[in-house]
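Novice: What follows is query_12.txt; its format and atoms are compact mmCIF, N, CA and C atoms.
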# COMPACT_ATOMS: atom_id res chain seq x y z
N MET B 1 0.84 -1.18 0.00
CA MET B 1 0.00 0.00 0.00
C MET B 1 0.89 1.25 0.00
N THR B 2 0.60 2.15 -0.91
CA THR B 2 1.35 3.38 -1.06
C THR B 2 0.86 4.42 -0.07
N ASP B 3 1.79 5.15 0.55
CA ASP B 3 1.42 6.23 1.46
C ASP B 3 0.96 7.44 0.67
N PHE B 4 -0.17 8.01 1.07
CA PHE B 4 -0.65 9.26 0.53
C PHE B 4 -0.23 10.33 1.54
N LEU B 5 0.68 11.21 1.16
CA LEU B 5 1.22 12.22 2.07
C LEU B 5 0.48 13.53 1.91
N GLN B 6 -0.11 14.01 3.00
CA GLN B 6 -0.95 15.21 3.00
C GLN B 6 -0.09 16.46 2.83
N VAL B 7 -0.35 17.23 1.78
CA VAL B 7 0.34 18.49 1.54
C VAL B 7 -0.55 19.65 1.95
N THR B 8 -1.79 19.63 1.48
CA THR B 8 -2.79 20.64 1.86
C THR B 8 -4.07 19.90 2.21
N GLU B 9 -5.08 20.64 2.58
CA GLU B 9 -6.36 20.02 2.93
C GLU B 9 -6.89 19.15 1.79
N ASN B 10 -6.69 19.59 0.56
CA ASN B 10 -7.24 18.87 -0.59
C ASN B 10 -6.21 18.19 -1.47
N LEU B 11 -4.94 18.19 -1.09
CA LEU B 11 -3.92 17.58 -1.94
C LEU B 11 -3.01 16.65 -1.16
N CYS B 12 -2.87 15.45 -1.70
CA CYS B 12 -1.88 14.48 -1.21
C CYS B 12 -0.96 14.15 -2.37
N VAL B 13 0.27 13.78 -2.04
CA VAL B 13 1.20 13.30 -3.06
C VAL B 13 1.64 11.91 -2.65
N ALA B 14 2.13 11.15 -3.64
CA ALA B 14 2.51 9.77 -3.36
C ALA B 14 3.55 9.32 -4.38
N PRO B 15 4.30 8.29 -3.99
CA PRO B 15 5.10 7.60 -5.00
C PRO B 15 4.17 6.79 -5.90
N GLN B 16 4.72 6.08 -6.85
CA GLN B 16 3.94 5.31 -7.83
C GLN B 16 2.77 4.58 -7.17
N ILE B 17 1.59 4.74 -7.77
CA ILE B 17 0.41 4.06 -7.27
C ILE B 17 0.07 2.87 -8.17
N ASN B 18 -0.84 2.04 -7.67
CA ASN B 18 -1.32 0.89 -8.44
C ASN B 18 -2.85 0.86 -8.37
N GLU B 19 -3.45 -0.18 -8.91
CA GLU B 19 -4.92 -0.27 -8.94
C GLU B 19 -5.53 -0.29 -7.55
N ASP B 20 -4.88 -0.98 -6.60
CA ASP B 20 -5.39 -1.00 -5.23
C ASP B 20 -5.39 0.39 -4.61
N ASP B 21 -4.35 1.18 -4.92
CA ASP B 21 -4.28 2.55 -4.40
C ASP B 21 -5.39 3.41 -4.99
N ILE B 22 -5.73 3.17 -6.25
CA ILE B 22 -6.83 3.92 -6.87
C ILE B 22 -8.14 3.57 -6.17
N ALA B 23 -8.35 2.31 -5.87
CA ALA B 23 -9.56 1.91 -5.14
C ALA B 23 -9.59 2.58 -3.77
N ARG B 24 -8.45 2.63 -3.10
CA ARG B 24 -8.38 3.27 -1.78
C ARG B 24 -8.64 4.77 -1.91
N ALA B 25 -8.14 5.38 -2.98
CA ALA B 25 -8.39 6.81 -3.21
C ALA B 25 -9.88 7.06 -3.41
N ALA B 26 -10.52 6.20 -4.17
CA ALA B 26 -11.97 6.34 -4.40
C ALA B 26 -12.72 6.23 -3.08
N GLU B 27 -12.35 5.25 -2.27
CA GLU B 27 -13.00 5.07 -0.97
C GLU B 27 -12.74 6.26 -0.06
N GLY B 28 -11.58 6.91 -0.23
CA GLY B 28 -11.22 8.06 0.60
C GLY B 28 -11.76 9.38 0.11
N GLY B 29 -12.56 9.35 -0.95
CA GLY B 29 -13.20 10.56 -1.42
C GLY B 29 -12.38 11.40 -2.39
N PHE B 30 -11.32 10.85 -2.94
CA PHE B 30 -10.53 11.60 -3.92
C PHE B 30 -11.32 11.70 -5.22
N GLY B 31 -11.34 12.90 -5.79
CA GLY B 31 -12.07 13.11 -7.02
C GLY B 31 -11.18 13.28 -8.23
N MET B 32 -9.87 13.46 -8.00
CA MET B 32 -8.94 13.63 -9.11
C MET B 32 -7.60 13.01 -8.74
N ILE B 33 -6.97 12.38 -9.73
CA ILE B 33 -5.61 11.87 -9.60
C ILE B 33 -4.80 12.47 -10.74
N ILE B 34 -3.62 12.99 -10.40
CA ILE B 34 -2.70 13.56 -11.38
C ILE B 34 -1.46 12.68 -11.45
N ASN B 35 -1.19 12.15 -12.63
CA ASN B 35 -0.01 11.34 -12.87
C ASN B 35 1.07 12.24 -13.45
N ASN B 36 2.17 12.41 -12.72
CA ASN B 36 3.28 13.24 -13.18
C ASN B 36 4.42 12.44 -13.80
N ARG B 37 4.18 11.16 -14.08
CA ARG B 37 5.23 10.32 -14.68
C ARG B 37 4.99 10.12 -16.16
N PRO B 38 6.05 10.26 -16.96
CA PRO B 38 5.91 9.85 -18.35
C PRO B 38 5.89 8.33 -18.44
N ASP B 39 5.15 7.79 -19.39
CA ASP B 39 5.15 6.33 -19.58
C ASP B 39 6.57 5.87 -19.88
N GLY B 40 6.92 4.67 -19.40
CA GLY B 40 8.21 4.08 -19.69
C GLY B 40 9.37 4.60 -18.88
N GLU B 41 9.10 5.37 -17.85
CA GLU B 41 10.20 5.89 -17.02
C GLU B 41 10.94 4.74 -16.34
N GLU B 42 10.19 3.71 -15.96
CA GLU B 42 10.76 2.48 -15.41
C GLU B 42 10.02 1.31 -16.05
N ALA B 43 10.74 0.23 -16.27
CA ALA B 43 10.14 -0.93 -16.95
C ALA B 43 8.95 -1.51 -16.19
N SER B 44 8.98 -1.48 -14.88
CA SER B 44 7.91 -2.10 -14.08
C SER B 44 6.71 -1.17 -13.82
N GLN B 45 6.79 0.03 -14.28
CA GLN B 45 5.75 1.03 -14.02
C GLN B 45 4.48 0.73 -14.84
N PRO B 46 3.31 0.81 -14.20
CA PRO B 46 2.06 0.60 -14.95
C PRO B 46 1.87 1.70 -16.00
N ALA B 47 1.27 1.36 -17.11
CA ALA B 47 1.00 2.35 -18.16
C ALA B 47 -0.05 3.35 -17.68
N ASN B 48 0.14 4.61 -18.08
CA ASN B 48 -0.82 5.65 -17.74
C ASN B 48 -2.23 5.26 -18.15
N SER B 49 -2.40 4.76 -19.35
CA SER B 49 -3.74 4.44 -19.87
C SER B 49 -4.43 3.37 -19.02
N ALA B 50 -3.67 2.40 -18.54
CA ALA B 50 -4.26 1.33 -17.71
C ALA B 50 -4.76 1.89 -16.38
N LEU B 51 -3.95 2.74 -15.75
CA LEU B 51 -4.37 3.33 -14.47
C LEU B 51 -5.52 4.31 -14.68
N ALA B 52 -5.47 5.07 -15.76
CA ALA B 52 -6.55 6.02 -16.05
C ALA B 52 -7.88 5.31 -16.20
N GLU B 53 -7.86 4.17 -16.87
CA GLU B 53 -9.08 3.39 -17.07
C GLU B 53 -9.67 2.94 -15.73
N VAL B 54 -8.83 2.49 -14.82
CA VAL B 54 -9.29 2.06 -13.49
C VAL B 54 -9.88 3.25 -12.74
N ALA B 55 -9.17 4.39 -12.77
CA ALA B 55 -9.64 5.58 -12.06
C ALA B 55 -10.99 6.05 -12.60
N GLU B 56 -11.09 6.13 -13.90
CA GLU B 56 -12.33 6.60 -14.51
C GLU B 56 -13.49 5.67 -14.21
N ALA B 57 -13.23 4.36 -14.13
CA ALA B 57 -14.28 3.40 -13.78
C ALA B 57 -14.76 3.61 -12.34
N LYS B 58 -13.92 4.19 -11.52
CA LYS B 58 -14.28 4.47 -10.13
C LYS B 58 -14.78 5.90 -9.93
N GLY B 59 -14.96 6.62 -11.04
CA GLY B 59 -15.49 7.97 -10.96
C GLY B 59 -14.47 9.03 -10.59
N ILE B 60 -13.21 8.73 -10.76
CA ILE B 60 -12.14 9.68 -10.44
C ILE B 60 -11.63 10.30 -11.73
N ARG B 61 -11.57 11.62 -11.75
CA ARG B 61 -11.00 12.33 -12.90
C ARG B 61 -9.50 12.04 -12.94
N TRP B 62 -8.99 11.74 -14.12
CA TRP B 62 -7.56 11.41 -14.31
C TRP B 62 -6.92 12.48 -15.17
N VAL B 63 -5.79 13.01 -14.70
CA VAL B 63 -5.04 14.01 -15.44
C VAL B 63 -3.61 13.51 -15.58
N HIS B 64 -3.09 13.56 -16.80
CA HIS B 64 -1.71 13.12 -17.04
C HIS B 64 -0.87 14.33 -17.41
N ILE B 65 0.04 14.70 -16.52
CA ILE B 65 0.99 15.78 -16.75
C ILE B 65 2.38 15.17 -16.63
N PRO B 66 2.84 14.53 -17.71
CA PRO B 66 4.13 13.83 -17.64
C PRO B 66 5.30 14.80 -17.58
N VAL B 67 6.07 14.70 -16.52
CA VAL B 67 7.23 15.56 -16.33
C VAL B 67 8.43 14.66 -16.09
N VAL B 68 9.46 14.81 -16.90
CA VAL B 68 10.68 14.03 -16.72
C VAL B 68 11.39 14.55 -15.48
N GLY B 69 11.81 13.64 -14.60
CA GLY B 69 12.50 14.02 -13.37
C GLY B 69 13.65 14.96 -13.64
N GLY B 70 13.73 16.04 -12.87
CA GLY B 70 14.80 17.01 -13.01
C GLY B 70 14.63 17.96 -14.19
N GLN B 71 13.52 17.86 -14.91
CA GLN B 71 13.30 18.71 -16.09
C GLN B 71 11.95 19.41 -16.02
N LEU B 72 11.70 20.08 -14.92
CA LEU B 72 10.46 20.82 -14.78
C LEU B 72 10.46 21.99 -15.75
N THR B 73 9.34 22.18 -16.42
CA THR B 73 9.21 23.25 -17.41
C THR B 73 8.03 24.15 -17.04
N MET B 74 8.01 25.35 -17.64
CA MET B 74 6.87 26.23 -17.43
C MET B 74 5.59 25.58 -17.93
N GLU B 75 5.69 24.82 -19.00
CA GLU B 75 4.51 24.14 -19.52
C GLU B 75 3.93 23.19 -18.47
N GLY B 76 4.79 22.41 -17.82
CA GLY B 76 4.33 21.50 -16.77
C GLY B 76 3.74 22.25 -15.59
N ILE B 77 4.39 23.34 -15.21
CA ILE B 77 3.89 24.16 -14.10
C ILE B 77 2.52 24.73 -14.44
N GLU B 78 2.38 25.26 -15.64
CA GLU B 78 1.09 25.82 -16.07
C GLU B 78 0.01 24.75 -16.12
N GLN B 79 0.34 23.56 -16.62
CA GLN B 79 -0.64 22.48 -16.69
C GLN B 79 -1.08 22.07 -15.29
N MET B 80 -0.14 21.99 -14.35
CA MET B 80 -0.48 21.63 -12.97
C MET B 80 -1.37 22.72 -12.36
N ALA B 81 -1.02 23.97 -12.59
CA ALA B 81 -1.83 25.08 -12.05
C ALA B 81 -3.25 25.02 -12.61
N MET B 82 -3.38 24.74 -13.91
CA MET B 82 -4.72 24.66 -14.52
C MET B 82 -5.51 23.48 -13.96
N ALA B 83 -4.85 22.36 -13.74
CA ALA B 83 -5.55 21.18 -13.21
C ALA B 83 -6.07 21.45 -11.80
N LEU B 84 -5.29 22.19 -11.03
CA LEU B 84 -5.67 22.45 -9.63
C LEU B 84 -6.59 23.66 -9.48
N ARG B 85 -6.62 24.52 -10.48
CA ARG B 85 -7.43 25.75 -10.40
C ARG B 85 -8.91 25.39 -10.24
N ASP B 86 -9.55 26.04 -9.34
CA ASP B 86 -10.99 25.85 -9.10
C ASP B 86 -11.35 24.39 -8.81
N ASN B 87 -10.40 23.64 -8.32
CA ASN B 87 -10.64 22.24 -7.97
C ASN B 87 -10.94 22.17 -6.48
N ASP B 88 -12.13 21.76 -6.13
CA ASP B 88 -12.50 21.70 -4.72
C ASP B 88 -12.61 20.27 -4.22
N THR B 89 -12.09 19.34 -4.98
CA THR B 89 -12.14 17.94 -4.58
C THR B 89 -10.77 17.49 -4.08
N LYS B 90 -10.76 16.44 -3.30
CA LYS B 90 -9.48 15.88 -2.85
C LYS B 90 -8.74 15.35 -4.07
N THR B 91 -7.45 15.67 -4.12
CA THR B 91 -6.63 15.31 -5.26
C THR B 91 -5.39 14.56 -4.80
N LEU B 92 -5.02 13.56 -5.57
CA LEU B 92 -3.80 12.80 -5.34
C LEU B 92 -2.91 12.99 -6.55
N ALA B 93 -1.68 13.48 -6.34
CA ALA B 93 -0.70 13.60 -7.41
C ALA B 93 0.42 12.62 -7.11
N PHE B 94 0.90 11.93 -8.14
CA PHE B 94 1.97 10.97 -7.89
C PHE B 94 3.03 11.00 -8.98
N CYS B 95 4.19 10.49 -8.62
CA CYS B 95 5.31 10.32 -9.53
C CYS B 95 6.11 9.12 -9.02
N ARG B 96 7.39 9.04 -9.32
CA ARG B 96 8.16 7.89 -8.86
C ARG B 96 8.29 7.87 -7.34
N SER B 97 8.62 9.03 -6.75
CA SER B 97 8.83 9.07 -5.31
C SER B 97 7.90 10.02 -4.56
N GLY B 98 7.20 10.87 -5.28
CA GLY B 98 6.34 11.90 -4.69
C GLY B 98 7.00 13.27 -4.72
N THR B 99 8.32 13.31 -4.81
CA THR B 99 9.04 14.59 -4.77
C THR B 99 8.69 15.47 -5.96
N ARG B 100 8.69 14.91 -7.14
CA ARG B 100 8.38 15.68 -8.35
C ARG B 100 6.97 16.27 -8.26
N SER B 101 6.02 15.47 -7.79
CA SER B 101 4.64 15.96 -7.67
C SER B 101 4.53 17.08 -6.65
N CYS B 102 5.21 16.95 -5.52
CA CYS B 102 5.18 17.99 -4.50
C CYS B 102 5.85 19.26 -5.01
N THR B 103 6.97 19.11 -5.70
CA THR B 103 7.68 20.24 -6.27
C THR B 103 6.81 20.94 -7.32
N LEU B 104 6.21 20.17 -8.19
CA LEU B 104 5.36 20.73 -9.24
C LEU B 104 4.16 21.45 -8.62
N TRP B 105 3.58 20.87 -7.57
CA TRP B 105 2.48 21.54 -6.87
C TRP B 105 2.95 22.89 -6.34
N GLY B 106 4.11 22.92 -5.67
CA GLY B 106 4.62 24.16 -5.09
C GLY B 106 4.85 25.23 -6.14
N LEU B 107 5.44 24.84 -7.25
CA LEU B 107 5.68 25.80 -8.33
C LEU B 107 4.36 26.29 -8.92
N ALA B 108 3.39 25.40 -9.06
CA ALA B 108 2.08 25.78 -9.58
C ALA B 108 1.38 26.74 -8.63
N GLU B 109 1.50 26.50 -7.33
CA GLU B 109 0.90 27.41 -6.34
C GLU B 109 1.50 28.79 -6.44
N ALA B 110 2.83 28.86 -6.55
CA ALA B 110 3.50 30.16 -6.66
C ALA B 110 3.10 30.85 -7.96
N PHE B 111 3.08 30.09 -9.05
CA PHE B 111 2.74 30.62 -10.36
C PHE B 111 1.33 31.20 -10.38
N SER B 112 0.40 30.52 -9.72
CA SER B 112 -1.00 30.97 -9.73
C SER B 112 -1.30 31.98 -8.63
N GLY B 113 -0.34 32.22 -7.75
CA GLY B 113 -0.56 33.17 -6.66
C GLY B 113 -1.40 32.59 -5.54
N GLY B 114 -1.47 31.25 -5.47
CA GLY B 114 -2.31 30.59 -4.48
C GLY B 114 -1.81 30.69 -3.05
N LEU B 115 -0.53 30.48 -2.86
CA LEU B 115 0.06 30.51 -1.52
C LEU B 115 1.37 31.28 -1.57
N ALA B 116 1.74 31.87 -0.44
CA ALA B 116 3.02 32.55 -0.32
C ALA B 116 4.14 31.51 -0.20
N THR B 117 5.35 31.92 -0.50
CA THR B 117 6.49 31.02 -0.48
C THR B 117 6.63 30.29 0.85
N ASP B 118 6.51 31.02 1.96
CA ASP B 118 6.67 30.37 3.27
C ASP B 118 5.59 29.32 3.52
N GLU B 119 4.38 29.56 3.01
CA GLU B 119 3.30 28.59 3.16
C GLU B 119 3.56 27.34 2.31
N ILE B 120 4.08 27.54 1.12
CA ILE B 120 4.42 26.41 0.24
C ILE B 120 5.52 25.57 0.88
N LEU B 121 6.56 26.23 1.39
CA LEU B 121 7.67 25.50 2.02
C LEU B 121 7.19 24.75 3.25
N ALA B 122 6.32 25.37 4.05
CA ALA B 122 5.80 24.71 5.26
C ALA B 122 4.95 23.49 4.90
N ALA B 123 4.13 23.62 3.87
CA ALA B 123 3.29 22.49 3.46
C ALA B 123 4.15 21.34 2.95
N GLY B 124 5.18 21.65 2.19
CA GLY B 124 6.09 20.62 1.71
C GLY B 124 6.79 19.92 2.87
N THR B 125 7.26 20.69 3.82
CA THR B 125 7.94 20.12 5.00
C THR B 125 7.01 19.22 5.78
N LYS B 126 5.76 19.67 5.97
CA LYS B 126 4.77 18.89 6.70
C LYS B 126 4.56 17.52 6.03
N ALA B 127 4.64 17.50 4.71
CA ALA B 127 4.43 16.25 3.97
C ALA B 127 5.72 15.42 3.87
N GLY B 128 6.83 15.99 4.34
CA GLY B 128 8.09 15.26 4.32
C GLY B 128 9.01 15.61 3.17
N TYR B 129 8.76 16.72 2.50
CA TYR B 129 9.57 17.13 1.36
C TYR B 129 10.23 18.48 1.64
N ASP B 130 11.53 18.56 1.42
CA ASP B 130 12.28 19.79 1.62
C ASP B 130 12.31 20.56 0.30
N LEU B 131 11.50 21.59 0.22
CA LEU B 131 11.42 22.40 -0.98
C LEU B 131 12.23 23.69 -0.86
N SER B 132 13.01 23.83 0.21
CA SER B 132 13.70 25.09 0.50
C SER B 132 14.66 25.50 -0.61
N GLY B 133 15.23 24.55 -1.34
CA GLY B 133 16.16 24.87 -2.41
C GLY B 133 15.51 25.63 -3.56
N MET B 134 14.20 25.55 -3.65
CA MET B 134 13.53 26.26 -4.74
C MET B 134 12.85 27.55 -4.28
N ALA B 135 13.19 28.02 -3.07
CA ALA B 135 12.59 29.25 -2.55
C ALA B 135 12.78 30.44 -3.49
N PRO B 136 13.97 30.66 -4.07
CA PRO B 136 14.10 31.79 -4.99
C PRO B 136 13.19 31.67 -6.22
N THR B 137 13.03 30.48 -6.73
CA THR B 137 12.15 30.27 -7.88
C THR B 137 10.70 30.51 -7.49
N LEU B 138 10.32 30.04 -6.30
CA LEU B 138 8.96 30.28 -5.81
C LEU B 138 8.70 31.78 -5.68
N GLU B 139 9.67 32.51 -5.13
CA GLU B 139 9.53 33.96 -4.98
C GLU B 139 9.37 34.63 -6.35
N HIS B 140 10.19 34.22 -7.29
CA HIS B 140 10.11 34.80 -8.64
C HIS B 140 8.74 34.53 -9.26
N LEU B 141 8.28 33.30 -9.17
CA LEU B 141 6.97 32.96 -9.73
C LEU B 141 5.86 33.74 -9.02
N SER B 142 5.96 33.87 -7.70
CA SER B 142 4.95 34.60 -6.93
C SER B 142 4.87 36.06 -7.35
N GLN B 143 6.04 36.66 -7.57
CA GLN B 143 6.08 38.07 -7.96
C GLN B 143 5.50 38.30 -9.34
N ASN B 144 5.51 37.24 -10.15
CA ASN B 144 4.99 37.35 -11.51
C ASN B 144 3.72 36.52 -11.68
N ALA B 145 3.05 36.26 -10.54
CA ALA B 145 1.86 35.40 -10.55
C ALA B 145 0.77 35.97 -11.44
N GLY B 146 -0.04 35.04 -11.87
CA GLY B 146 -1.17 35.44 -12.68
C GLY B 146 -1.55 34.34 -13.64
N GLY B 147 -1.06 33.10 -13.33
CA GLY B 147 -1.34 31.98 -14.22
C GLY B 147 -2.70 31.61 -14.22
As C-alpha cells - that is how I would like this structure written.
Specialist:
Amino acid sequence: MTDFLQVTENLCVAPQINEDDIARAAEGGFGMIINNRPDGEEASQPANSALAEVAEAKGIRWVHIPVVGGQLTMEGIEQMAMALRDNDTKTLAFCRSGTRSCTLWGLAEAFSGGLATDEILAAGTKAGYDLSGMAPTLEHLSQNAGG
C-alpha cells in the first residue's frame, strides 16, 4: 500500500500508485488523480492508460501531466496550475517518489498566486519534502503570478 502524504487540505502526493491505491483513493473521497510520470520511465511502471481506465471506472477524474524528473518546465507548471485551479475535490498527485509531484504543486501554487512562499515551504515540509532549495524560484513565480 502506497502512502498518501498530506500536503494541503485537498492535496496528497505519493510515490507510484497501483490499482489497489486507486480503489483506496476512491474510498477516501478523492475526485482527481494527477499522474506526473511519463510512460516508460521504469520498466515495471504501470501504463498511464491502464491506471486512467481504473480511475475513470471508479469515478475519479484522471489528469496526465508527464514531467521528466529534473526537467520541470513552465509548460508543466502551467498544466499543474490549470488542473488544480478551481478544484475543490481531494486530489492525489503521484510520480516515482512523490518529490516531483510535491515540487510541481509548489511551483504551480506560486505561479498561480495561491500561496506565499513560506506557506508552500511549510506544506512541503509537513508532507516530508524539503522544498527550500527552490525558494528563490517560488519567490520569482509569486512576484509574476497570474497563471
Novice: Give the centre and edge lengths of an axis-aligned box, in Å to one decimal, that holds all listed atoms of stretch 4-7 of chain B with 6 Å on each side, as JSON.
Specialist:
{"center_x": 0.1, "center_y": 13.8, "center_z": 1.8, "size_x": 14.2, "size_y": 23.6, "size_z": 14.5}
Novice: Which protein, DNA or RNA residues have an atom at most 6 Å from (8.3, 13.9, -17.5), counting only C-alpha atoms? List them as a VMD selection string.
Specialist: chain B and resid 37 to 38 66 to 69
Novice: Any idea what's packed within 6.5 Å of B:Leu5, counting all atoms listed in the file, ignoring anything in its chain fewer than 5 positions away? Could you give it as a list of chain:residue names?
Specialist: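 The contact residues come out as B:Leu11, B:Cys12, B:Val13, B:Ala14, B:Ala127.
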Novice: Compare B:Leu104, B:Leu131, B:Ala110, B:Met80 by their minimum atom-to-atom distance to B:Ala145, counting only N, CA and C atoms, and give me the closest one.
Specialist: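 Ranked by minimum distance to B:Ala145, first place goes to B:Ala110.
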Novice: Point out the residue among B:Glu109, B:Lys58, B:Ile17, B:Val7 with the least atom-to-atom distance to B:Phe94, counting only C-alpha atoms.
Specialist: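 Looking at the shortest contact to B:Phe94, the residue is B:Ile17.
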Novice: So which residues of chain B fall under strand (DSSP E or B) by DSSP, listed as JSON, numbers by chain?
Specialist: {"B": [5, 6, 7, 8, 11, 12, 13, 14, 30, 31, 32, 33, 34, 35, 61, 62, 63, 64, 90, 91, 92, 93, 94]}
Novice: Using atom N of B:Ala50 and atom CA of B:Trp62 as the two end points, give the distance in Å to one decimal.
Specialist: 10.7 Å
Novice: Which distance in Å separates atom N of B:Thr8 and atom CA of B:Gly113, to one decimal?
Specialist: 15.8 Å
Novice: Identify which of the residues B:Gln79, B:Gln45, B:Ser132, B:Gln6 lies closest to B:Ile120, counting only N, CA and C atoms when measuring atom-to-atom distances.
Specialist: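 Comparing B:Gln79, B:Gln45, B:Ser132, B:Gln6 against B:Ile120, the winner is B:Ser132.
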